[in-house]
>>> print(open('structure_24.cif').read())   # mmCIF, C-alpha atoms
data_upload
#
loop_
_atom_site.label_atom_id
_atom_site.label_comp_id
_atom_site.auth_asym_id
_atom_site.auth_seq_id
_atom_site.Cartn_x
_atom_site.Cartn_y
_atom_site.Cartn_z
CA MET P 110 2.47 -2.97 -20.76
CA GLN P 111 2.02 0.67 -21.72
CA PHE P 112 3.81 2.93 -19.26
CA GLN P 113 3.25 6.68 -19.48
CA ARG P 114 6.48 8.59 -18.88
CA GLY P 115 6.70 11.93 -17.08
CA PRO P 116 6.43 14.78 -17.17
CA VAL P 117 2.71 14.34 -17.82
CA VAL P 118 -0.58 14.87 -15.99
CA ILE P 119 -2.23 11.55 -15.08
CA GLU P 120 -5.93 11.28 -14.23
CA LEU P 121 -6.54 9.25 -11.06
CA GLY P 122 -10.26 8.76 -11.54
CA ALA P 123 -12.67 11.68 -11.65
CA GLU P 124 -11.52 13.40 -8.47
CA ALA P 125 -7.71 13.56 -8.49
CA VAL P 126 -4.67 13.87 -10.74
CA LEU P 127 -0.97 13.06 -10.55
CA ASP P 128 1.50 15.60 -11.92
CA LEU P 129 3.94 12.86 -12.85
CA PRO P 130 7.50 14.26 -12.72
CA ALA P 131 10.29 13.40 -15.13
CA ASP P 132 12.16 10.17 -14.32
CA PHE P 133 8.94 8.41 -13.32
CA ALA P 134 6.52 6.22 -15.28
CA PHE P 135 2.87 5.39 -14.64
CA LEU P 136 1.17 2.07 -15.40
CA PRO P 137 -2.64 2.43 -15.84
CA ALA P 138 -5.22 0.60 -13.76
CA MET P 139 -5.96 -2.47 -15.89
CA GLU P 140 -2.30 -3.24 -16.53
CA THR P 141 -1.47 -2.69 -12.86
CA ARG P 142 -4.18 -5.11 -11.73
CA SER P 143 -2.95 -7.69 -14.24
CA LEU P 144 0.60 -7.34 -12.92
CA LEU P 145 -0.52 -7.61 -9.29
CA ARG P 146 -2.42 -10.80 -10.10
CA GLU P 147 0.71 -12.17 -11.76
CA TRP P 148 2.57 -11.46 -8.51
CA GLY P 149 -0.01 -13.42 -6.52
CA ASN P 150 -2.19 -10.55 -5.30
CA ARG P 151 -5.94 -10.10 -5.46
CA PRO P 152 -6.22 -6.49 -6.65
CA SER P 153 -9.41 -4.51 -6.21
CA ASP P 154 -11.15 -2.43 -8.83
CA ARG P 155 -10.13 0.50 -6.64
CA THR P 156 -6.51 0.18 -7.77
CA VAL P 157 -5.96 3.07 -10.20
CA GLY P 158 -2.32 2.57 -11.18
CA MET P 159 1.32 2.00 -10.34
CA VAL P 160 4.32 4.36 -10.50
CA VAL P 161 7.98 3.36 -10.81
CA PRO P 162 11.14 5.51 -10.99
CA THR P 163 12.88 5.33 -14.38
CA ARG P 164 16.34 6.76 -13.91
CA GLU P 165 18.49 5.70 -16.83
CA GLY P 166 20.88 2.86 -16.15
CA ALA P 167 19.25 1.81 -12.87
CA PRO P 168 16.61 -0.85 -12.20
CA PRO P 169 13.47 0.41 -10.38
CA PRO P 170 14.30 0.20 -6.65
CA TRP P 171 10.65 0.51 -5.60
CA PHE P 172 7.10 0.84 -6.90
CA MET P 173 4.04 2.71 -5.68
CA VAL P 174 0.49 1.40 -6.00
CA ILE P 175 -2.25 4.04 -5.89
CA SER P 176 -5.85 3.23 -4.98
CA HIS P 177 -8.99 5.35 -4.78
CA VAL P 178 -11.50 4.52 -2.05
CA PRO P 179 -14.81 6.44 -2.44
CA GLU P 180 -16.24 5.56 0.95
CA GLY P 181 -17.23 9.08 2.01
CA HIS P 182 -15.80 11.97 4.02
CA VAL P 183 -13.49 10.69 6.78
CA ASP P 184 -13.65 12.24 10.24
CA VAL P 185 -10.24 13.18 11.71
CA THR P 186 -11.15 14.11 15.28
CA ASP P 187 -9.60 10.92 16.71
CA THR P 188 -5.98 11.77 15.86
CA ARG P 189 -5.14 13.00 19.36
CA ASP P 190 -6.08 9.74 21.06
CA TRP P 191 -4.08 7.22 19.06
CA ASP P 192 -2.46 4.31 20.87
CA ARG P 193 0.27 3.35 18.41
CA ASP P 194 1.10 0.12 20.23
CA ALA P 195 -2.54 -0.96 19.99
CA MET P 196 -2.50 -0.08 16.29
CA LEU P 197 0.39 -2.48 15.70
CA VAL P 198 -1.50 -5.24 17.47
CA ALA P 199 -4.55 -4.58 15.29
CA ILE P 200 -2.47 -4.65 12.10
CA ARG P 201 -0.87 -7.95 13.12
CA LYS P 202 -4.26 -9.48 13.83
CA GLY P 203 -5.50 -8.28 10.45
CA LEU P 204 -2.61 -10.08 8.78
CA SER P 205 -3.04 -13.32 10.70
CA GLY P 206 -5.91 -14.49 8.47
CA ASN P 207 -3.98 -13.59 5.33
CA ASN P 208 -0.96 -15.50 6.60
CA ALA P 209 -3.10 -18.56 7.34
CA VAL P 210 -4.18 -18.67 3.69
CA ARG P 211 -0.60 -18.15 2.50
CA ARG P 212 0.63 -21.01 4.72
CA GLU P 213 -1.89 -23.34 3.11
CA GLU P 214 -0.64 -22.23 -0.31
CA GLY P 215 3.02 -22.71 0.66
CA ALA P 216 3.69 -18.98 0.22
CA ALA P 217 5.89 -16.66 2.29
CA GLN P 218 4.60 -15.37 5.63
CA THR P 219 4.89 -11.79 6.82
CA GLU P 220 5.46 -10.29 10.26
CA VAL P 221 5.01 -6.67 11.27
CA LEU P 222 8.04 -5.81 13.39
CA GLY P 223 7.16 -2.22 14.21
CA TRP P 224 6.99 1.31 12.87
CA ALA P 225 9.63 2.34 10.35
CA ARG P 226 7.91 5.73 10.56
CA PRO P 227 5.22 6.35 13.21
CA PRO P 228 1.76 7.50 12.08
CA ARG P 229 1.47 11.24 11.57
CA PHE P 230 -1.50 13.26 10.40
CA ASP P 231 -0.85 16.62 8.73
CA ALA P 232 -3.96 18.69 9.39
CA ALA P 233 -2.96 21.31 6.80
CA SER P 234 -2.70 18.89 3.86
CA HIS P 235 -5.14 16.32 5.28
CA ARG P 236 -2.65 13.51 4.76
CA LEU P 237 -1.87 10.56 7.00
CA THR P 238 1.58 8.99 6.66
CA TRP P 239 3.21 5.97 8.23
CA ALA P 240 5.62 3.17 7.42
CA LEU P 241 5.89 -0.38 8.72
CA SER P 242 8.96 -2.51 9.22
CA ILE P 243 8.11 -6.01 7.99
CA ARG P 244 9.85 -9.36 7.89
CA ASP P 245 9.17 -11.54 4.86
CA LYS P 246 9.62 -15.17 5.87
CA PRO P 247 10.04 -17.69 3.03
CA PRO P 248 8.09 -20.95 3.32
CA LYS P 249 9.89 -23.94 4.78
CA ALA P 250 9.41 -27.58 3.86
CA GLY P 251 7.27 -29.40 6.39
CA ALA P 252 6.32 -26.19 8.23
CA SER P 253 3.22 -26.43 10.39
CA ALA P 254 0.05 -24.74 9.17
CA ALA P 255 -0.98 -23.87 12.72
CA PRO P 256 -1.91 -20.21 13.15
CA VAL P 257 0.55 -17.85 14.82
CA ASP P 258 -0.58 -15.73 17.75
CA PRO P 259 -0.43 -12.10 16.48
CA ASP P 260 0.40 -10.93 20.02
CA ASP P 261 3.62 -12.97 20.07
CA GLU P 262 6.92 -11.18 19.70
CA PRO P 263 8.41 -11.51 16.16
CA ASP P 264 10.98 -14.30 16.01
CA GLU P 265 14.39 -14.26 14.39
CA ASP P 266 14.89 -15.93 11.02
CA PRO P 267 18.22 -15.71 9.15
CA ASP P 268 16.43 -16.32 5.84
CA ALA P 269 13.87 -13.55 6.36
CA GLU P 270 13.98 -10.38 4.30
CA LEU P 271 13.31 -7.01 5.95
CA ILE P 272 10.90 -4.79 4.05
CA ALA P 273 9.66 -1.24 4.48
CA ASN P 274 6.02 -0.54 3.63
CA ASP P 275 5.46 3.23 3.27
CA ASN P 276 1.86 4.48 3.14
CA THR P 277 0.11 7.78 2.59
CA ILE P 278 -3.64 8.34 2.82
CA LEU P 279 -4.75 11.54 1.08
CA LEU P 280 -8.18 12.63 2.26
CA GLY P 281 -10.63 14.20 -0.16
CA ARG P 282 -14.21 15.37 -0.19
CA ARG P 283 -15.78 11.99 -1.01
CA GLY P 284 -13.17 9.48 0.14
CA TYR P 285 -9.44 9.07 -0.03
CA LEU P 286 -6.46 8.01 -2.11
CA ASN P 287 -3.97 5.49 -0.78
CA ALA P 288 -0.37 5.54 -2.04
CA SER P 289 1.64 2.50 -0.91
CA VAL P 290 5.29 1.68 -1.51
CA VAL P 291 7.21 -1.55 -0.87
CA LEU P 292 11.01 -1.73 -0.89
CA PRO P 293 13.90 -3.36 1.02
CA ILE P 294 14.25 -1.62 4.35
CA LEU P 295 17.97 -0.99 3.81
CA ASP P 296 17.02 1.21 0.84
CA TYR P 297 14.19 3.06 2.56
CA VAL P 298 16.09 6.04 3.94
CA ARG P 299 17.89 6.52 0.62
CA HIS P 300 14.66 6.66 -1.38
CA ALA P 301 12.33 8.32 1.15
CA GLY P 302 12.88 11.75 -0.41
CA GLU P 303 11.86 10.77 -3.93
CA ILE P 304 8.86 8.86 -2.58
CA ALA P 305 7.75 11.99 -0.75
CA THR P 306 8.24 14.01 -3.96
CA LEU P 307 5.96 11.66 -5.84
CA VAL P 308 3.26 11.72 -3.14
CA ALA P 309 3.38 15.53 -3.16
CA ALA P 310 2.56 15.44 -6.89
CA ILE P 311 -0.86 13.88 -6.17
CA ARG P 312 -3.68 16.39 -5.79
CA PHE P 313 -7.46 16.53 -5.77
CA ARG P 314 -9.23 18.53 -8.43
CA SER P 315 -10.83 21.87 -7.62
CA GLY P 316 -13.97 21.26 -5.61
CA GLU P 317 -12.91 17.73 -4.58
CA GLY P 318 -10.57 18.59 -1.69
CA TYR P 319 -11.18 17.68 1.93
CA THR P 320 -12.42 21.16 2.85
CA ASP P 321 -14.95 21.14 -0.03
CA PHE P 322 -17.12 18.69 1.91
CA ASP P 323 -20.81 19.64 2.01
CA ALA P 324 -22.47 18.23 5.11
CA ASP P 325 -25.92 18.63 3.55
CA THR P 326 -25.26 16.58 0.41
CA ASP P 327 -22.09 14.50 0.78
CA ARG P 328 -21.83 11.06 2.34
CA ARG P 329 -19.76 10.51 5.47
CA SER P 330 -17.47 7.55 6.04
CA GLN P 331 -18.47 5.26 8.88
CA ARG P 332 -14.83 4.83 9.92
CA ALA P 333 -12.45 7.09 11.77
CA LEU P 334 -9.02 7.85 10.36
CA SER P 335 -7.27 5.38 12.66
CA ALA P 336 -9.48 2.58 11.30
CA LEU P 337 -8.12 3.21 7.81
CA LEU P 338 -4.58 2.78 9.09
CA VAL P 339 -5.22 -0.58 10.75
CA ALA P 340 -7.52 -1.68 7.89
CA GLU P 341 -10.61 -2.28 9.97
CA PRO P 342 -13.62 -3.21 7.81
CA ALA P 343 -16.24 -0.63 6.94
CA ALA P 344 -19.82 -1.31 7.98
CA ARG P 345 -22.03 -2.61 5.18
CA ALA P 346 -19.00 -3.07 2.89
CA GLY P 347 -20.32 -6.35 1.54
CA TRP P 348 -17.59 -6.76 -1.06
CA LEU P 349 -15.11 -7.32 1.76
CA ASP P 350 -16.98 -10.43 2.84
CA ARG P 351 -16.59 -11.91 -0.62
CA LEU P 352 -12.81 -11.46 -0.56
CA LEU P 353 -11.32 -14.61 1.05
CA ALA P 354 -14.50 -14.61 3.21
CA ARG P 355 -12.68 -12.32 5.67
CA ARG P 356 -13.64 -8.84 6.74
CA VAL P 357 -10.20 -7.42 6.09
CA GLU P 358 -9.27 -4.95 3.38
CA VAL P 359 -6.80 -7.24 1.65
CA ALA P 360 -7.62 -5.58 -1.68
CA TYR P 361 -6.33 -2.06 -1.50
CA VAL P 362 -4.50 -1.21 1.74
CA LEU P 363 -0.92 -2.45 1.98
CA GLY P 364 -1.38 -2.73 5.70
CA ALA P 365 -3.55 -5.74 4.90
CA VAL P 366 -3.23 -6.25 1.14
CA LEU P 367 -0.09 -5.57 -0.71
CA ILE P 368 2.09 -6.56 2.22
CA GLY P 369 1.57 -10.23 1.41
CA GLY P 370 1.86 -10.43 -2.37
CA LEU P 371 3.98 -7.43 -3.20
CA ILE P 372 6.69 -8.05 -0.64
CA GLY P 373 7.57 -11.24 -2.48
CA ALA P 374 7.53 -9.22 -5.69
CA VAL P 375 10.35 -7.04 -4.37
CA SER P 376 12.68 -10.04 -4.35
CA ARG P 377 11.57 -11.10 -7.82
CA LEU P 378 11.92 -7.55 -9.12
CA ARG P 379 15.47 -7.30 -7.81
CA MET P 380 16.46 -10.69 -9.27
CA ARG P 381 14.99 -9.80 -12.66
CA SER P 382 16.68 -6.41 -12.57
CA ALA P 383 20.06 -7.97 -11.79
CA ALA P 384 19.67 -10.35 -14.71
CA ARG P 385 18.88 -7.46 -17.06
CA ARG P 386 21.53 -4.97 -16.01
CA GLU P 387 23.44 -5.36 -19.29
CA VAL P 388 20.44 -5.22 -21.63
CA ARG P 389 17.28 -3.55 -20.28
CA PRO P 390 14.14 -3.40 -22.47
CA PRO P 391 12.29 -0.06 -22.59
CA LEU P 392 9.30 0.34 -20.28
CA ASP P 393 7.03 1.04 -23.21
#
>>> encode(input="structure_24.cif", output="structure tokens")
Amino acid sequence: MQFQRGPVVIELGAEAVLDLPADFAFLPAMETRSLLREWGNRPSDRTVGMVVPTREGAPPPWFMVISHVPEGHVDVTDTRDWDRDAMLVAIRKGLSGNNAVRREEGAAQTEVLGWARPPRFDAASHRLTWALSIRDKPPKAGASAAPVDPDDEPDEDPDAELIANDNTILLGRRGYLNASVVLPILDYVRHAGEIATLVAAIRFRSGEGYTDFDADTDRRSQRALSALLVAEPAARAGWLDRLLARRVEVAYVLGAVLIGGLIGAVSRLRMRSAARREVRPPLD
């Protein structure tokens, strides 16, 4: 896989770029999708790449998947009326179908425990940020395939792994970018600063920012900002129906997508990294 090392300017489609800093590497779209499929995901053609930190002598502690969703200009007038408890319920219900499929496949289940960082919309930068605290529950022999009520309180499991899922939605003129990170929750506070640095390096090109919207010519999204957070399906988004026959965005939003497959990848990534501490092959 051909990683591009920073510092370098990375094109994220036709509307945005990433000013990739030093000590980070970018994996292009096709290679990223191939890797996600290897990890058990079903990546969308909206996935534009992956970024990993590349500090010498240290295995990558996290990875960021970036997606571009050209669904139109998103309205942000609903940010004052958010019910964060109701949002958690909606996210859990969105995951219940994905977990049902994973139970049938004998794969790990995931539970959303709560907010690791509550949703916050920055009106100046037009960016929505939040982070979820998630429990990754390994499959158990003879476990029942019966569905779990998403309104139930999360149960305790000594074998479960706690994961942080950090998300940023960057609104533009014609849609948005989604930057999602998965890492062990014990490492989240330690790496939150460098994650924020990387997100800050993503920018829309001149003329493609949120305030460049032209109401006379540009398309509007049919979803409010809160719907993007809880991964509610867009009207007339027929491709969602073809994905597991469920109207959930399990292709590009970690709130409903990468949570399942990529959380398991964290464990595999850490085990592989531990095995390669003495001799680590170059990224490229």
>>> resolve_selection(input="structure_24.cif", expression="the PyMOL selection byres ((chain P and resi 224) around 10)", output="list in words")
Arg193, Asp194, Leu197, Val221, Leu222, Gly223, Ala225, Arg226, Pro227, Pro228, Trp239, Ala240, Leu241, Ser242, Ile243, Ala273, Asn274 and Asp275 of chain P
>>> closest_residue(input="structure_24.cif", among="P:Ile311, P:Ala209, P:Met159, P:Leu279", to="P:Ser143", atoms="all atoms listed in the file")
P:Met159
>>> atom_distance(input="structure_24.cif", atom1="atom CA of P:Trp171", atom2="atom CA of P:Arg146")
17.9 Å
>>> atom_distance(input="structure_24.cif", atom1="atom CA of P:Phe313", atom2="atom CA of P:Leu334")
18.4 Å
>>> resolve_selection(input="structure_24.cif", expression="the PyMOL selection byres ((chain P and resi 324) around 12)", output="ChimeraX atom specification")
/P:181-184,282-283,319-323,325-330
>>> write_last_selection(input="structure_24.cif", atoms="C-alpha atoms", output="PDB file, keeping the file's coordinate frame")
ATOM      1  CA  GLY P 181     -17.230   9.080   2.010  1.00  0.00           C
ATOM      2  CA  HIS P 182     -15.800  11.970   4.020  1.00  0.00           C
ATOM      3  CA  VAL P 183     -13.490  10.690   6.780  1.00  0.00           C
ATOM      4  CA  ASP P 184     -13.650  12.240  10.240  1.00  0.00           C
ATOM      5  CA  ARG P 282     -14.210  15.370  -0.190  1.00  0.00           C
ATOM      6  CA  ARG P 283     -15.780  11.990  -1.010  1.00  0.00           C
ATOM      7  CA  TYR P 319     -11.180  17.680   1.930  1.00  0.00           C
ATOM      8  CA  THR P 320     -12.420  21.160   2.850  1.00  0.00           C
ATOM      9  CA  ASP P 321     -14.950  21.140  -0.030  1.00  0.00           C
ATOM     10  CA  PHE P 322     -17.120  18.690   1.910  1.00  0.00           C
ATOM     11  CA  ASP P 323     -20.810  19.640   2.010  1.00  0.00           C
ATOM     12  CA  ASP P 325     -25.920  18.630   3.550  1.00  0.00           C
ATOM     13  CA  THR P 326     -25.260  16.580   0.410  1.00  0.00           C
ATOM     14  CA  ASP P 327     -22.090  14.500   0.780  1.00  0.00           C
ATOM     15  CA  ARG P 328     -21.830  11.060   2.340  1.00  0.00           C
ATOM     16  CA  ARG P 329     -19.760  10.510   5.470  1.00  0.00           C
ATOM     17  CA  SER P 330     -17.470   7.550   6.040  1.00  0.00           C
TER      18      SER P 330
END
>>> residues_around(input="structure_24.cif", residues="P:Pro137", least_positions_apart="4", cutoff="8 Å", atoms="all atoms listed in the file", output="ChimeraX atom specification")
/P:111-112,141,157-159
>>> resolve_selection(input="structure_24.cif", expression="the PyMOL selection byres ((chain P and resi 115-132) around 8)", output="list in words")
Gln113, Arg114, Phe133, Ala134, Phe135, Val157, Gly158, Pro162, Thr163, Arg164, His177, Leu307, Ala310, Ile311, Arg312, Phe313, Arg314 and Glu317 of chain P
>>> atom_distance(input="structure_24.cif", atom1="atom CA of P:Ile200", atom2="atom CA of P:Val308")
23.1 Å
>>> closest_residue(input="structure_24.cif", among="P:Val178, P:Ala305, P:Met139, P:Leu295", to="P:Gly281", atoms="only C-alpha atoms")
P:Val178
>>> residues_around(input="structure_24.cif", residues="P:Ser335", least_positions_apart="2", cutoff="10 Å", atoms="only C-alpha atoms", output="list in words")
Asp184, Val185, Thr186, Asp187, Thr188, Asp190, Trp191, Asp192, Arg193, Met196, Pro228, Leu237, Arg332, Ala333, Leu337, Leu338, Val339, Ala340 and Glu341 of chain P
>>> closest_residue(input="structure_24.cif", among="P:Ala167, P:Val174, P:Ala233, P:Ala199", to="P:Leu144", atoms="only C-alpha atoms")
P:Val174
>>> residues_near_point(input="structure_24.cif", point="(-1.0, 8.1, 3.1)", cutoff="8 Å", atoms="only C-alpha atoms", output="number ranges by chain")
P: 236-239, 276-279, 286-289
>>> closest_residue(input="structure_24.cif", among="P:Ala232, P:Ile304, P:Arg155, P:Glu140", to="P:Glu180", atoms="only C-alpha atoms")
P:Arg155
